[in-house]
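J.: Mind looking over this structure? Questions follow.
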Amino acid sequence: MERLSRVYPWRRTHYSNEITPEMDGEKVVLAGWVKDIRDLGGIKFLLLRDKEGFIQITIPRDEVSEDIIKLSEDLQRQDCISVRGKVRRMAKAPRGVEVIPESIIVLNRAKQPLPIDITGKTPADIDVRLDVRVLDLARDEPQAIFRIRHTALEAIREFLSKNGFIEVHTPKIIATATEGGASLFPVIYFEREAFLAQSPQLYKEQLVIDFEKVYEISPAFRAEKSHTRRHLAEFVSVDIEMAFAVAEDVMEVAERLLQHVCRVVSEKCKRELEILKHKIIVPEVPFKRITYDEIINELREAGVKINWGEDVPTPAFRILGKLHPYFYFIVDWPTNLKPFYIKPRDDKPEISESFDLMWHWIEIASGGTRIHDKELLIKRMKEQNLNPESFKYHLQAFEFGMPPHAGWGIGLERLIMVLTGIRNIREVVLFPRDRFRLVP
RNA sequence: GCCCUGGUAGUAUAGUCAGGCCUAGUAUAGGCGGCUGUCGCCCGCCUGACCCGGGUUCAAAUCCCGGCCAGGGCGCCA
């Protein structure tokens with residue numbers, strides 16, 4: 001009772017999920033948004049949404065004051081209100097409990113009619129929803145998606161931290177390209193030209209000298225003109241880099257991490273997964289490891305011819321997704337298909353110590369053993385028509401005792417697609433940026 | 001950059017192929033009225049739309065051309 005405030009009459013005492021049938025008779029103050037209204041004449045039902053869920057506010061004509069009746073006539077979906085009232089055990093109410101209001105304060109009204117249906121009964125196209133994203137995010141489905149995203153991030157940080165990785169943040173405004181200049185966004189940096197980072201790759205490699213095991217969760221920017229359900233111009237990359245390690249070591253980190261995240265999300269987000277009608281299968285480790293050569297053979301048997309050294313086109317990945325319907329690694333990629341910093345095998349330089357982590361046909365992560373020898377790195381830069389001069393600050397790290405190291409980067413949004421069953425990557429970003437969308 | 005598909009009330013759709021029967025149907029939202037246990041409440045009444053420009057035709061939501069916007073795909077990638 002001492003939770004009731006005299007100063008701010010709208011200040012809440014409980015969240016919706018804290019109201020239980022056992023609280024029958026207790027006075028509470030709730031705050032939130034009107035999710036839906038069902039007016040039966042002599043009795044009216046409001047669904048009040050707050051950050052924890054919703055609670056039914058019941059307004060029986062003969063049990064509440066004339067003021068409440070009058071005020072409730074004007075209430076509309078998405079109005080922001082505070083309700084002071086009495087908890088009532090009621091078998092017929094959702095969760096067996098409801099609140100009978102003694103006073104209602106309208107804190108703000110929503111403009112009617114709303115541009116989309118927040119109850120989700122009448123669906124709206126993604127483009128329409130993204131234009132009014134703040135309103136769209138009030139719906140159950142986006143709420144579930146972003147709770148899962150939060151839980152997944154929490155699990156990732158917990159796992160990496162427990163495994164001895166330190167979280168770092170490297171610059172997003174950079175002077176030179178990581179892997180070539182084609183897909184960078186230029187920005188004006190005072191009187192110079194700079195770029196938005198497409199990856200923390202070079203910085204995280206340098207940092208293994210000082211911290212050995214680092215991870216970074218931060219945005220990456222790609223100016224590629226892709227327009228698909230799995231591409232964004234701005235996405236969050238989960239990157240690790242590990243000293244005294246080779247590809248196989250960081251593959252183990254990746255598969256154990258994914259197993260951990262799947263387990264945590266499936267345990268903590270049962271309600272959210274129910275809303276999304278999605279089930280998470282916690283994968284067994286180790287994941288399948290399939291070589292590039294084996295992939296080529298599998299595709300040949302499926303009728304798709306790929307010459308050795310050619311990249312795998314998307315339609316071919318779709319075939320592979322049918323053959324390997326969960327997580328799997330594709331390893332031993334031809335060196336020429338990988339960035340300059342990936343280490344060629346000592347015995348067979350045409351093959352690299354690299355891997356892609358796949359989920360069905362979608363690439364979730366890629367990584368490998370890195371080159372830690374400066375001269376070899378320069379040689380590989382030249383082979384890829386990059387100018388070592390523009391990487392001189394990166395190269396100097398290789399003069400300061402660069403250890404053997406390996407790492408990977410996971411596309412967070414693609415992982416969230418896996419965890420939620422959502423098929424369009426824009427749905428799992430609050431305010432997505434793609435080739436055509438820059439607002440809101 | 002290329003390819004495919006689409007644009008009808010606030011939202012989602014029917015109608016477009018086979019032009020006229022469309023004064024454009026339905027659902028939901030919104031307005032008004034009724035209803036005391038709803039949980040996609042229900043019932044009645046009302047408001048509200050053919051993306052823009054040009055062309056073909058007696059006649060265009062419907063066919064043609066251009067533009068704009070959107071969705072999906074390819075290449076590339078997380």
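Ligands are numbered from 1 in the order shown, residues from 1 within each chain, and chains are lettered A, B, ... in the order they appear in the structure tokens.
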Residues of stretch 271-341 of chain A in strand (DSSP E) according to DSSP, as a VMD selection string?

T.: chain A and resid 288 to 291 327 to 331

J.: Counting only C-alpha atoms (C1' of nucleotides), what is within 7 Å of stretch 237-253 of chain A, bar same-chain residues fewer than 5 positions away, as number ranges by chain?

T.: A: 204-205, 208, 212-220, 353-354, 368-369, 403-412; B: 78

J.: How about saving the chosen residues, N, CA and C atoms (P, O5', C5', C4', C3', O3' and C1' of nucleotides) kept, as an mmCIF file, in the first residue's frame?

T.:
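Result saved to again.cif:
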data_model
loop_
_atom_site.group_PDB
_atom_site.id
_atom_site.type_symbol
_atom_site.label_atom_id
_atom_site.label_comp_id
_atom_site.auth_asym_id
_atom_site.auth_seq_id
_atom_site.Cartn_x
_atom_site.Cartn_y
_atom_site.Cartn_z
ATOM 1 N N LYS A 204 40.557 -5.790 -34.568
ATOM 2 C CA LYS A 204 40.464 -6.892 -33.601
ATOM 3 C C LYS A 204 41.688 -7.795 -33.720
ATOM 4 N N GLU A 205 42.231 -7.935 -34.924
ATOM 5 C CA GLU A 205 43.455 -8.720 -35.080
ATOM 6 C C GLU A 205 44.605 -8.081 -34.304
ATOM 7 N N VAL A 208 44.750 -8.671 -30.440
ATOM 8 C CA VAL A 208 45.126 -9.940 -29.802
ATOM 9 C C VAL A 208 46.540 -9.855 -29.212
ATOM 10 N N GLU A 212 44.744 -10.882 -26.208
ATOM 11 C CA GLU A 212 44.671 -12.289 -26.626
ATOM 12 C C GLU A 212 43.287 -12.722 -27.120
ATOM 13 N N LYS A 213 42.257 -12.533 -26.271
ATOM 14 C CA LYS A 213 40.917 -12.963 -26.687
ATOM 15 C C LYS A 213 39.975 -11.768 -26.597
ATOM 16 N N VAL A 214 39.535 -11.297 -27.746
ATOM 17 C CA VAL A 214 38.652 -10.125 -27.751
ATOM 18 C C VAL A 214 37.370 -10.450 -28.513
ATOM 19 N N TYR A 215 36.313 -9.730 -28.128
ATOM 20 C CA TYR A 215 35.102 -9.782 -28.959
ATOM 21 C C TYR A 215 34.510 -8.396 -29.066
ATOM 22 N N GLU A 216 33.775 -8.214 -30.137
ATOM 23 C CA GLU A 216 33.132 -6.926 -30.361
ATOM 24 C C GLU A 216 31.743 -7.162 -30.930
ATOM 25 N N ILE A 217 30.780 -6.417 -30.388
ATOM 26 C CA ILE A 217 29.417 -6.461 -30.913
ATOM 27 C C ILE A 217 29.088 -5.040 -31.325
ATOM 28 N N SER A 218 29.074 -4.787 -32.620
ATOM 29 C CA SER A 218 28.889 -3.402 -33.051
ATOM 30 C C SER A 218 28.441 -3.351 -34.504
ATOM 31 N N PRO A 219 27.969 -2.178 -34.932
ATOM 32 C CA PRO A 219 27.446 -2.089 -36.297
ATOM 33 C C PRO A 219 28.537 -2.170 -37.355
ATOM 34 N N ALA A 220 28.166 -2.693 -38.493
ATOM 35 C CA ALA A 220 29.031 -2.718 -39.656
ATOM 36 C C ALA A 220 28.219 -2.174 -40.827
ATOM 37 N N GLU A 353 42.819 -21.877 -44.645
ATOM 38 C CA GLU A 353 42.316 -22.377 -43.355
ATOM 39 C C GLU A 353 41.099 -21.535 -42.968
ATOM 40 N N SER A 354 40.010 -21.762 -43.685
ATOM 41 C CA SER A 354 38.842 -20.881 -43.527
ATOM 42 C C SER A 354 37.569 -21.692 -43.425
ATOM 43 N N GLY A 368 38.354 -17.876 -39.874
ATOM 44 C CA GLY A 368 39.471 -18.744 -40.208
ATOM 45 C C GLY A 368 40.726 -18.378 -39.452
ATOM 46 N N THR A 369 41.779 -19.108 -39.762
ATOM 47 C CA THR A 369 43.099 -18.760 -39.246
ATOM 48 C C THR A 369 43.578 -17.541 -40.016
ATOM 49 N N PRO A 403 50.967 -12.707 -32.587
ATOM 50 C CA PRO A 403 50.905 -14.161 -32.368
ATOM 51 C C PRO A 403 50.072 -14.823 -33.475
ATOM 52 N N PRO A 404 50.201 -16.135 -33.622
ATOM 53 C CA PRO A 404 49.248 -16.836 -34.489
ATOM 54 C C PRO A 404 47.851 -16.586 -33.925
ATOM 55 N N HIS A 405 46.896 -16.391 -34.797
ATOM 56 C CA HIS A 405 45.555 -16.102 -34.274
ATOM 57 C C HIS A 405 44.486 -16.487 -35.288
ATOM 58 N N ALA A 406 43.253 -16.551 -34.798
ATOM 59 C CA ALA A 406 42.111 -16.922 -35.636
ATOM 60 C C ALA A 406 40.870 -16.234 -35.080
ATOM 61 N N GLY A 407 39.842 -16.165 -35.902
ATOM 62 C CA GLY A 407 38.614 -15.507 -35.440
ATOM 63 C C GLY A 407 37.483 -15.687 -36.431
ATOM 64 N N TRP A 408 36.357 -15.082 -36.088
ATOM 65 C CA TRP A 408 35.200 -15.115 -36.993
ATOM 66 C C TRP A 408 34.285 -13.930 -36.731
ATOM 67 N N GLY A 409 33.330 -13.753 -37.639
ATOM 68 C CA GLY A 409 32.290 -12.752 -37.446
ATOM 69 C C GLY A 409 30.937 -13.380 -37.733
ATOM 70 N N ILE A 410 29.999 -13.137 -36.814
ATOM 71 C CA ILE A 410 28.633 -13.642 -36.995
ATOM 72 C C ILE A 410 27.733 -12.453 -37.315
ATOM 73 N N GLY A 411 26.858 -12.614 -38.286
ATOM 74 C CA GLY A 411 25.840 -11.602 -38.540
ATOM 75 C C GLY A 411 24.725 -11.756 -37.526
ATOM 76 N N LEU A 412 24.648 -10.816 -36.591
ATOM 77 C CA LEU A 412 23.673 -10.961 -35.496
ATOM 78 C C LEU A 412 22.249 -11.120 -36.021
ATOM 79 P P A B 78 31.344 -11.819 -45.316
ATOM 80 O "O5'" A B 78 30.234 -11.672 -44.200
ATOM 81 C "C5'" A B 78 30.445 -12.267 -42.932
ATOM 82 C "C4'" A B 78 29.086 -12.475 -42.276
ATOM 83 C "C3'" A B 78 28.112 -13.219 -43.174
ATOM 84 O "O3'" A B 78 28.190 -14.597 -42.927
ATOM 85 C "C1'" A B 78 27.100 -11.247 -42.276
#

J.: Residues of chain A within 8 Å of chain B, counting only C-alpha atoms (C1' of nucleotides), what are they? List them as a tab-separated table (two decimals) with N, CA, C and O atoms, in the first residue's frame.

T.:
chain	number	residue	atom	x	y	z
A	38	ARG	N	-13.20	-3.77	-25.65
A	38	ARG	CA	-14.43	-4.47	-26.02
A	38	ARG	C	-15.56	-3.92	-25.17
A	38	ARG	O	-15.57	-4.10	-23.96
A	39	ASP	N	-16.48	-3.23	-25.83
A	39	ASP	CA	-17.56	-2.55	-25.12
A	39	ASP	C	-18.84	-3.33	-25.31
A	39	ASP	O	-19.37	-3.43	-26.40
A	40	LEU	N	-19.35	-3.91	-24.20
A	40	LEU	CA	-20.57	-4.71	-24.30
A	40	LEU	C	-21.79	-3.94	-23.84
A	40	LEU	O	-22.87	-4.52	-23.65
A	41	GLY	N	-21.63	-2.65	-23.62
A	41	GLY	CA	-22.76	-1.85	-23.17
A	41	GLY	C	-22.71	-1.63	-21.68
A	41	GLY	O	-22.19	-0.63	-21.22
A	42	GLY	N	-23.21	-2.57	-20.92
A	42	GLY	CA	-23.21	-2.44	-19.47
A	42	GLY	C	-21.87	-2.76	-18.86
A	42	GLY	O	-21.60	-2.44	-17.70
A	43	ILE	N	-21.01	-3.37	-19.64
A	43	ILE	CA	-19.67	-3.70	-19.15
A	43	ILE	C	-18.68	-3.50	-20.28
A	43	ILE	O	-18.98	-3.76	-21.45
A	44	LYS	N	-17.51	-3.00	-19.89
A	44	LYS	CA	-16.49	-2.69	-20.89
A	44	LYS	C	-15.18	-3.31	-20.45
A	44	LYS	O	-14.85	-3.29	-19.28
A	45	PHE	N	-14.45	-3.86	-21.43
A	45	PHE	CA	-13.15	-4.46	-21.12
A	45	PHE	C	-12.04	-3.71	-21.85
A	45	PHE	O	-12.11	-3.53	-23.06
A	60	PRO	N	-17.52	-2.38	-15.14
A	60	PRO	CA	-18.94	-2.70	-15.08
A	60	PRO	C	-19.70	-1.42	-14.69
A	60	PRO	O	-19.33	-0.77	-13.71
A	61	ARG	N	-20.74	-1.09	-15.47
A	61	ARG	CA	-21.43	0.19	-15.29
A	61	ARG	C	-21.90	0.41	-13.85
A	61	ARG	O	-21.76	1.51	-13.31
A	92	LYS	N	-13.27	-15.73	-15.14
A	92	LYS	CA	-13.60	-15.47	-16.54
A	92	LYS	C	-12.63	-14.50	-17.22
A	92	LYS	O	-12.69	-14.30	-18.43
A	93	ALA	N	-11.76	-13.89	-16.41
A	93	ALA	CA	-10.82	-12.92	-16.98
A	93	ALA	C	-9.54	-13.63	-17.43
A	93	ALA	O	-9.22	-14.70	-16.93
A	94	PRO	N	-8.80	-13.02	-18.38
A	94	PRO	CA	-7.52	-13.61	-18.77
A	94	PRO	C	-6.61	-13.72	-17.55
A	94	PRO	O	-6.53	-12.80	-16.75
A	112	GLN	N	-6.59	9.00	-34.11
A	112	GLN	CA	-7.40	7.93	-34.71
A	112	GLN	C	-7.82	8.30	-36.13
A	112	GLN	O	-8.03	9.47	-36.39
A	113	PRO	N	-8.03	7.35	-37.04
A	113	PRO	CA	-7.68	5.94	-36.84
A	113	PRO	C	-6.18	5.72	-36.94
A	113	PRO	O	-5.49	6.46	-37.64
A	114	LEU	N	-5.69	4.71	-36.25
A	114	LEU	CA	-4.26	4.41	-36.30
A	114	LEU	C	-3.89	3.89	-37.68
A	114	LEU	O	-4.69	3.22	-38.33
A	115	PRO	N	-2.67	4.20	-38.14
A	115	PRO	CA	-2.27	3.77	-39.49
A	115	PRO	C	-2.14	2.26	-39.66
A	115	PRO	O	-2.19	1.78	-40.79
A	116	ILE	N	-1.94	1.53	-38.57
A	116	ILE	CA	-1.95	0.07	-38.67
A	116	ILE	C	-2.75	-0.48	-37.49
A	116	ILE	O	-3.00	0.22	-36.52
A	117	ASP	N	-3.12	-1.73	-37.60
A	117	ASP	CA	-3.88	-2.39	-36.55
A	117	ASP	C	-2.92	-2.97	-35.52
A	117	ASP	O	-2.22	-3.94	-35.79
A	121	LYS	N	-4.78	-8.06	-35.96
A	121	LYS	CA	-5.84	-8.83	-36.62
A	121	LYS	C	-5.87	-8.54	-38.12
A	121	LYS	O	-6.11	-9.43	-38.92
A	122	THR	N	-5.69	-7.27	-38.48
A	122	THR	CA	-5.60	-6.92	-39.89
A	122	THR	C	-4.13	-6.67	-40.20
A	122	THR	O	-3.55	-5.69	-39.74
A	123	PRO	N	-3.51	-7.54	-40.98
A	123	PRO	CA	-2.08	-7.42	-41.20
A	123	PRO	C	-1.75	-6.22	-42.07
A	123	PRO	O	-2.60	-5.75	-42.83
A	124	ALA	N	-0.52	-5.71	-41.95
A	124	ALA	CA	-0.05	-4.63	-42.81
A	124	ALA	C	1.26	-5.06	-43.45
A	124	ALA	O	2.01	-5.85	-42.87
A	127	ASP	N	6.50	-2.60	-45.49
A	127	ASP	CA	6.84	-1.22	-45.83
A	127	ASP	C	5.98	-0.22	-45.06
A	127	ASP	O	6.47	0.78	-44.56
A	224	GLU	N	26.74	-2.28	-50.37
A	224	GLU	CA	26.37	-3.16	-51.47
A	224	GLU	C	24.91	-2.94	-51.86
A	224	GLU	O	24.07	-2.69	-51.01
A	226	SER	N	22.63	-4.80	-52.62
A	226	SER	CA	21.79	-5.99	-52.46
A	226	SER	C	20.39	-5.61	-52.03
A	226	SER	O	20.21	-4.72	-51.21
A	228	THR	N	17.63	-8.00	-50.82
A	228	THR	CA	17.09	-9.33	-50.52
A	228	THR	C	16.59	-9.35	-49.08
A	228	THR	O	16.78	-8.39	-48.34
A	235	PHE	N	24.25	-3.41	-40.20
A	235	PHE	CA	23.89	-4.58	-39.41
A	235	PHE	C	24.84	-4.70	-38.24
A	235	PHE	O	25.86	-4.01	-38.16
A	237	SER	N	27.46	-6.85	-36.16
A	237	SER	CA	28.38	-7.95	-36.33
A	237	SER	C	28.93	-8.38	-34.97
A	237	SER	O	29.32	-7.54	-34.16
A	363	GLU	N	24.38	-17.99	-44.94
A	363	GLU	CA	25.66	-17.87	-44.27
A	363	GLU	C	25.47	-17.05	-43.00
A	363	GLU	O	25.07	-15.90	-43.05
A	364	ILE	N	25.78	-17.67	-41.86
A	364	ILE	CA	25.61	-17.00	-40.57
A	364	ILE	C	26.92	-16.34	-40.14
A	364	ILE	O	26.92	-15.28	-39.54
A	365	ALA	N	28.02	-17.01	-40.43
A	365	ALA	CA	29.33	-16.50	-39.98
A	365	ALA	C	30.40	-16.97	-40.94
A	365	ALA	O	30.22	-17.94	-41.68
A	366	SER	N	31.52	-16.25	-40.91
A	366	SER	CA	32.68	-16.76	-41.62
A	366	SER	C	33.94	-16.38	-40.84
A	366	SER	O	33.95	-15.41	-40.09
A	409	GLY	N	33.33	-13.75	-37.64
A	409	GLY	CA	32.29	-12.75	-37.45
A	409	GLY	C	30.94	-13.38	-37.73
A	409	GLY	O	30.77	-14.09	-38.73
A	410	ILE	N	30.00	-13.14	-36.81
A	410	ILE	CA	28.63	-13.64	-37.00
A	410	ILE	C	27.73	-12.45	-37.32
A	410	ILE	O	27.83	-11.41	-36.67
A	411	GLY	N	26.86	-12.61	-38.29
A	411	GLY	CA	25.84	-11.60	-38.54
A	411	GLY	C	24.73	-11.76	-37.53
A	411	GLY	O	23.98	-12.73	-37.55
A	412	LEU	N	24.65	-10.82	-36.59
A	412	LEU	CA	23.67	-10.96	-35.50
A	412	LEU	C	22.25	-11.12	-36.02
A	412	LEU	O	21.51	-12.00	-35.58
A	414	ARG	N	21.14	-12.23	-38.80
A	414	ARG	CA	20.88	-13.54	-39.42
A	414	ARG	C	20.69	-14.60	-38.34
A	414	ARG	O	19.87	-15.50	-38.48

J.: Output as a PDB file with C-alpha atoms, in the first residue's frame all residues of stretch 124-345 of chain A that backbone DSSP marks as alpha helix (DSSP H).

T.:
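Result file is out25.pdb:
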ATOM      1  CA  ILE A 126       6.316  -4.500 -44.005  1.00  0.00           C
ATOM      2  CA  ASP A 127       6.845  -1.221 -45.831  1.00  0.00           C
ATOM      3  CA  VAL A 128       3.762   0.319 -44.224  1.00  0.00           C
ATOM      4  CA  ARG A 129       4.794  -1.001 -40.813  1.00  0.00           C
ATOM      5  CA  LEU A 130       8.336   0.319 -41.077  1.00  0.00           C
ATOM      6  CA  ASP A 131       7.006   3.779 -41.930  1.00  0.00           C
ATOM      7  CA  ARG A 133       7.746   1.543 -36.829  1.00  0.00           C
ATOM      8  CA  VAL A 134       7.250   2.933 -33.308  1.00  0.00           C
ATOM      9  CA  LEU A 135       3.594   1.965 -33.452  1.00  0.00           C
ATOM     10  CA  ASP A 136       4.378  -1.340 -35.132  1.00  0.00           C
ATOM     11  CA  ASP A 140       3.019  -8.700 -29.883  1.00  0.00           C
ATOM     12  CA  GLU A 141       5.171 -10.056 -32.682  1.00  0.00           C
ATOM     13  CA  PRO A 142       7.866  -7.353 -32.767  1.00  0.00           C
ATOM     14  CA  GLN A 143       7.827  -7.337 -28.965  1.00  0.00           C
ATOM     15  CA  ALA A 144       8.626 -11.047 -29.012  1.00  0.00           C
ATOM     16  CA  ILE A 145      11.344 -10.610 -31.650  1.00  0.00           C
ATOM     17  CA  PHE A 146      13.188  -7.904 -29.735  1.00  0.00           C
ATOM     18  CA  ARG A 147      12.942  -9.712 -26.421  1.00  0.00           C
ATOM     19  CA  ILE A 148      14.539 -12.705 -28.085  1.00  0.00           C
ATOM     20  CA  ARG A 149      17.190 -10.444 -29.604  1.00  0.00           C
ATOM     21  CA  HIS A 150      17.930  -9.022 -26.160  1.00  0.00           C
ATOM     22  CA  THR A 151      18.124 -12.465 -24.584  1.00  0.00           C
ATOM     23  CA  ALA A 152      20.395 -13.732 -27.351  1.00  0.00           C
ATOM     24  CA  LEU A 153      22.776 -10.790 -26.918  1.00  0.00           C
ATOM     25  CA  GLU A 154      22.825 -11.343 -23.186  1.00  0.00           C
ATOM     26  CA  ALA A 155      23.661 -15.014 -23.746  1.00  0.00           C
ATOM     27  CA  ILE A 156      26.413 -14.183 -26.235  1.00  0.00           C
ATOM     28  CA  ARG A 157      28.064 -11.742 -23.840  1.00  0.00           C
ATOM     29  CA  GLU A 158      27.725 -14.161 -20.947  1.00  0.00           C
ATOM     30  CA  PHE A 159      29.284 -16.999 -22.932  1.00  0.00           C
ATOM     31  CA  LEU A 160      32.199 -15.065 -24.379  1.00  0.00           C
ATOM     32  CA  SER A 161      32.940 -13.341 -21.115  1.00  0.00           C
ATOM     33  CA  LYS A 162      32.955 -16.654 -19.236  1.00  0.00           C
ATOM     34  CA  GLN A 201      38.586  -7.116 -38.774  1.00  0.00           C
ATOM     35  CA  LEU A 202      41.943  -5.331 -38.776  1.00  0.00           C
ATOM     36  CA  TYR A 203      41.558  -3.726 -35.352  1.00  0.00           C
ATOM     37  CA  LYS A 204      40.464  -6.892 -33.601  1.00  0.00           C
ATOM     38  CA  GLU A 205      43.455  -8.720 -35.080  1.00  0.00           C
ATOM     39  CA  GLN A 206      45.832  -6.069 -33.724  1.00  0.00           C
ATOM     40  CA  LEU A 207      44.236  -6.261 -30.294  1.00  0.00           C
ATOM     41  CA  VAL A 208      45.126  -9.940 -29.802  1.00  0.00           C
ATOM     42  CA  ILE A 209      48.663  -8.711 -29.105  1.00  0.00           C
ATOM     43  CA  ASP A 210      47.378  -6.923 -26.008  1.00  0.00           C
ATOM     44  CA  PHE A 211      44.331  -8.891 -24.890  1.00  0.00           C
ATOM     45  CA  ALA A 247      40.462 -22.127 -37.405  1.00  0.00           C
ATOM     46  CA  GLU A 248      39.389 -25.316 -35.652  1.00  0.00           C
ATOM     47  CA  ASP A 249      39.738 -23.638 -32.221  1.00  0.00           C
ATOM     48  CA  VAL A 250      37.436 -20.754 -33.093  1.00  0.00           C
ATOM     49  CA  MET A 251      35.003 -23.078 -34.868  1.00  0.00           C
ATOM     50  CA  GLU A 252      34.589 -24.839 -31.548  1.00  0.00           C
ATOM     51  CA  VAL A 253      33.911 -21.505 -29.864  1.00  0.00           C
ATOM     52  CA  ALA A 254      31.308 -20.714 -32.536  1.00  0.00           C
ATOM     53  CA  GLU A 255      29.416 -23.990 -32.293  1.00  0.00           C
ATOM     54  CA  ARG A 256      29.418 -23.998 -28.510  1.00  0.00           C
ATOM     55  CA  LEU A 257      28.268 -20.379 -28.505  1.00  0.00           C
ATOM     56  CA  LEU A 258      25.402 -21.119 -30.875  1.00  0.00           C
ATOM     57  CA  GLN A 259      24.379 -24.122 -28.842  1.00  0.00           C
ATOM     58  CA  HIS A 260      24.418 -21.970 -25.705  1.00  0.00           C
ATOM     59  CA  VAL A 261      22.371 -19.195 -27.299  1.00  0.00           C
ATOM     60  CA  CYS A 262      19.796 -21.641 -28.679  1.00  0.00           C
ATOM     61  CA  ARG A 263      19.475 -23.275 -25.282  1.00  0.00           C
ATOM     62  CA  VAL A 264      19.136 -20.013 -23.334  1.00  0.00           C
ATOM     63  CA  VAL A 265      16.632 -18.467 -25.733  1.00  0.00           C
ATOM     64  CA  SER A 266      14.506 -21.604 -25.941  1.00  0.00           C
ATOM     65  CA  GLU A 267      14.391 -21.759 -22.139  1.00  0.00           C
ATOM     66  CA  LYS A 268      13.925 -18.060 -21.330  1.00  0.00           C
ATOM     67  CA  LYS A 270       8.976 -19.659 -24.261  1.00  0.00           C
ATOM     68  CA  ARG A 271       6.163 -17.108 -24.399  1.00  0.00           C
ATOM     69  CA  GLU A 272       7.868 -15.143 -27.172  1.00  0.00           C
ATOM     70  CA  LEU A 273       8.487 -18.269 -29.232  1.00  0.00           C
ATOM     71  CA  GLU A 274       4.844 -19.199 -28.806  1.00  0.00           C
ATOM     72  CA  ILE A 275       3.778 -15.799 -30.135  1.00  0.00           C
ATOM     73  CA  TYR A 292      34.575 -27.100 -50.257  1.00  0.00           C
ATOM     74  CA  ASP A 293      35.556 -30.076 -52.450  1.00  0.00           C
ATOM     75  CA  GLU A 294      32.750 -32.179 -50.973  1.00  0.00           C
ATOM     76  CA  ILE A 295      30.296 -29.336 -51.551  1.00  0.00           C
ATOM     77  CA  ILE A 296      31.323 -29.149 -55.205  1.00  0.00           C
ATOM     78  CA  ASN A 297      30.738 -32.885 -55.535  1.00  0.00           C
ATOM     79  CA  GLU A 298      27.356 -32.749 -53.820  1.00  0.00           C
ATOM     80  CA  LEU A 299      26.298 -29.980 -56.137  1.00  0.00           C
ATOM     81  CA  ARG A 300      27.514 -31.865 -59.193  1.00  0.00           C
ATOM     82  CA  GLU A 301      25.364 -34.801 -58.148  1.00  0.00           C
ATOM     83  CA  THR A 314      23.016 -18.426 -54.024  1.00  0.00           C
ATOM     84  CA  PRO A 315      20.796 -20.944 -55.890  1.00  0.00           C
ATOM     85  CA  ALA A 316      23.454 -23.608 -55.212  1.00  0.00           C
ATOM     86  CA  PHE A 317      23.443 -22.702 -51.511  1.00  0.00           C
ATOM     87  CA  ARG A 318      19.690 -23.264 -51.522  1.00  0.00           C
ATOM     88  CA  ILE A 319      20.317 -26.809 -52.742  1.00  0.00           C
ATOM     89  CA  LEU A 320      22.914 -27.332 -50.014  1.00  0.00           C
ATOM     90  CA  GLY A 321      20.404 -26.083 -47.459  1.00  0.00           C
ATOM     91  CA  LYS A 322      18.072 -28.915 -48.429  1.00  0.00           C
ATOM     92  CA  LEU A 323      20.888 -31.466 -48.087  1.00  0.00           C
TER      93      LEU A 323
END

J.: Compile the contact shell of B:G20 as a PyMOL selection string: residues with an atom at most 12 Å away, counting only C-alpha atoms (C1' of nucleotides), same-chain residues fewer than 5 positions apart removed.

T.: chain B and resi 57-60+62

J.: May I have the residues within 10 Å of B:U16 as a PDB file with C-alpha atoms (C1' of nucleotides), in the first residue's frame, using only C-alpha atoms (C1' of nucleotides) and disregarding those fewer than 3 positions away in the same chain?

T.:
ATOM      1  C1'   G B  19     -12.665  -2.975 -71.497  1.00  0.00           C
ATOM      2  C1'   A B  61      -9.545   0.321 -62.185  1.00  0.00           C
ATOM      3  C1'   U B  62      -9.016  -3.074 -66.480  1.00  0.00           C
ATOM      4  C1'   C B  63      -5.224  -2.362 -72.720  1.00  0.00           C
TER       5        C B  63
END

J.: Leaving out A:Arg12 and any residue of its chain fewer than 6 positions from it, which residues lie within 6 Å of it when counting only C-alpha atoms (C1' of nucleotides), given as a PyMOL selection string?

T.: chain A and resi 29-31

J.: Go ahead and save the picked residues with all heavy atoms, as a PDB file, in the first residue's frame.

T.:
ATOM      1  N   VAL A  29      -1.812   0.784  -8.791  1.00  0.00           N
ATOM      2  CA  VAL A  29      -1.785   1.774  -9.871  1.00  0.00           C
ATOM      3  C   VAL A  29      -1.011   1.157 -11.018  1.00  0.00           C
ATOM      4  O   VAL A  29       0.120   0.684 -10.847  1.00  0.00           O
ATOM      5  CB  VAL A  29      -1.118   3.099  -9.427  1.00  0.00           C
ATOM      6  CG1 VAL A  29      -1.089   4.085 -10.598  1.00  0.00           C
ATOM      7  CG2 VAL A  29      -1.845   3.693  -8.237  1.00  0.00           C
ATOM      8  N   LEU A  30      -1.628   1.129 -12.192  1.00  0.00           N
ATOM      9  CA  LEU A  30      -0.999   0.569 -13.385  1.00  0.00           C
ATOM     10  C   LEU A  30      -0.819   1.700 -14.393  1.00  0.00           C
ATOM     11  O   LEU A  30      -1.521   2.706 -14.340  1.00  0.00           O
ATOM     12  CB  LEU A  30      -1.895  -0.509 -13.991  1.00  0.00           C
ATOM     13  CG  LEU A  30      -2.194  -1.705 -13.085  1.00  0.00           C
ATOM     14  CD1 LEU A  30      -3.432  -2.440 -13.575  1.00  0.00           C
ATOM     15  CD2 LEU A  30      -0.996  -2.642 -13.035  1.00  0.00           C
ATOM     16  N   ALA A  31       0.120   1.514 -15.300  1.00  0.00           N
ATOM     17  CA  ALA A  31       0.316   2.515 -16.351  1.00  0.00           C
ATOM     18  C   ALA A  31       0.684   1.797 -17.631  1.00  0.00           C
ATOM     19  O   ALA A  31       1.347   0.760 -17.605  1.00  0.00           O
ATOM     20  CB  ALA A  31       1.414   3.497 -15.953  1.00  0.00           C
TER      21      ALA A  31
END
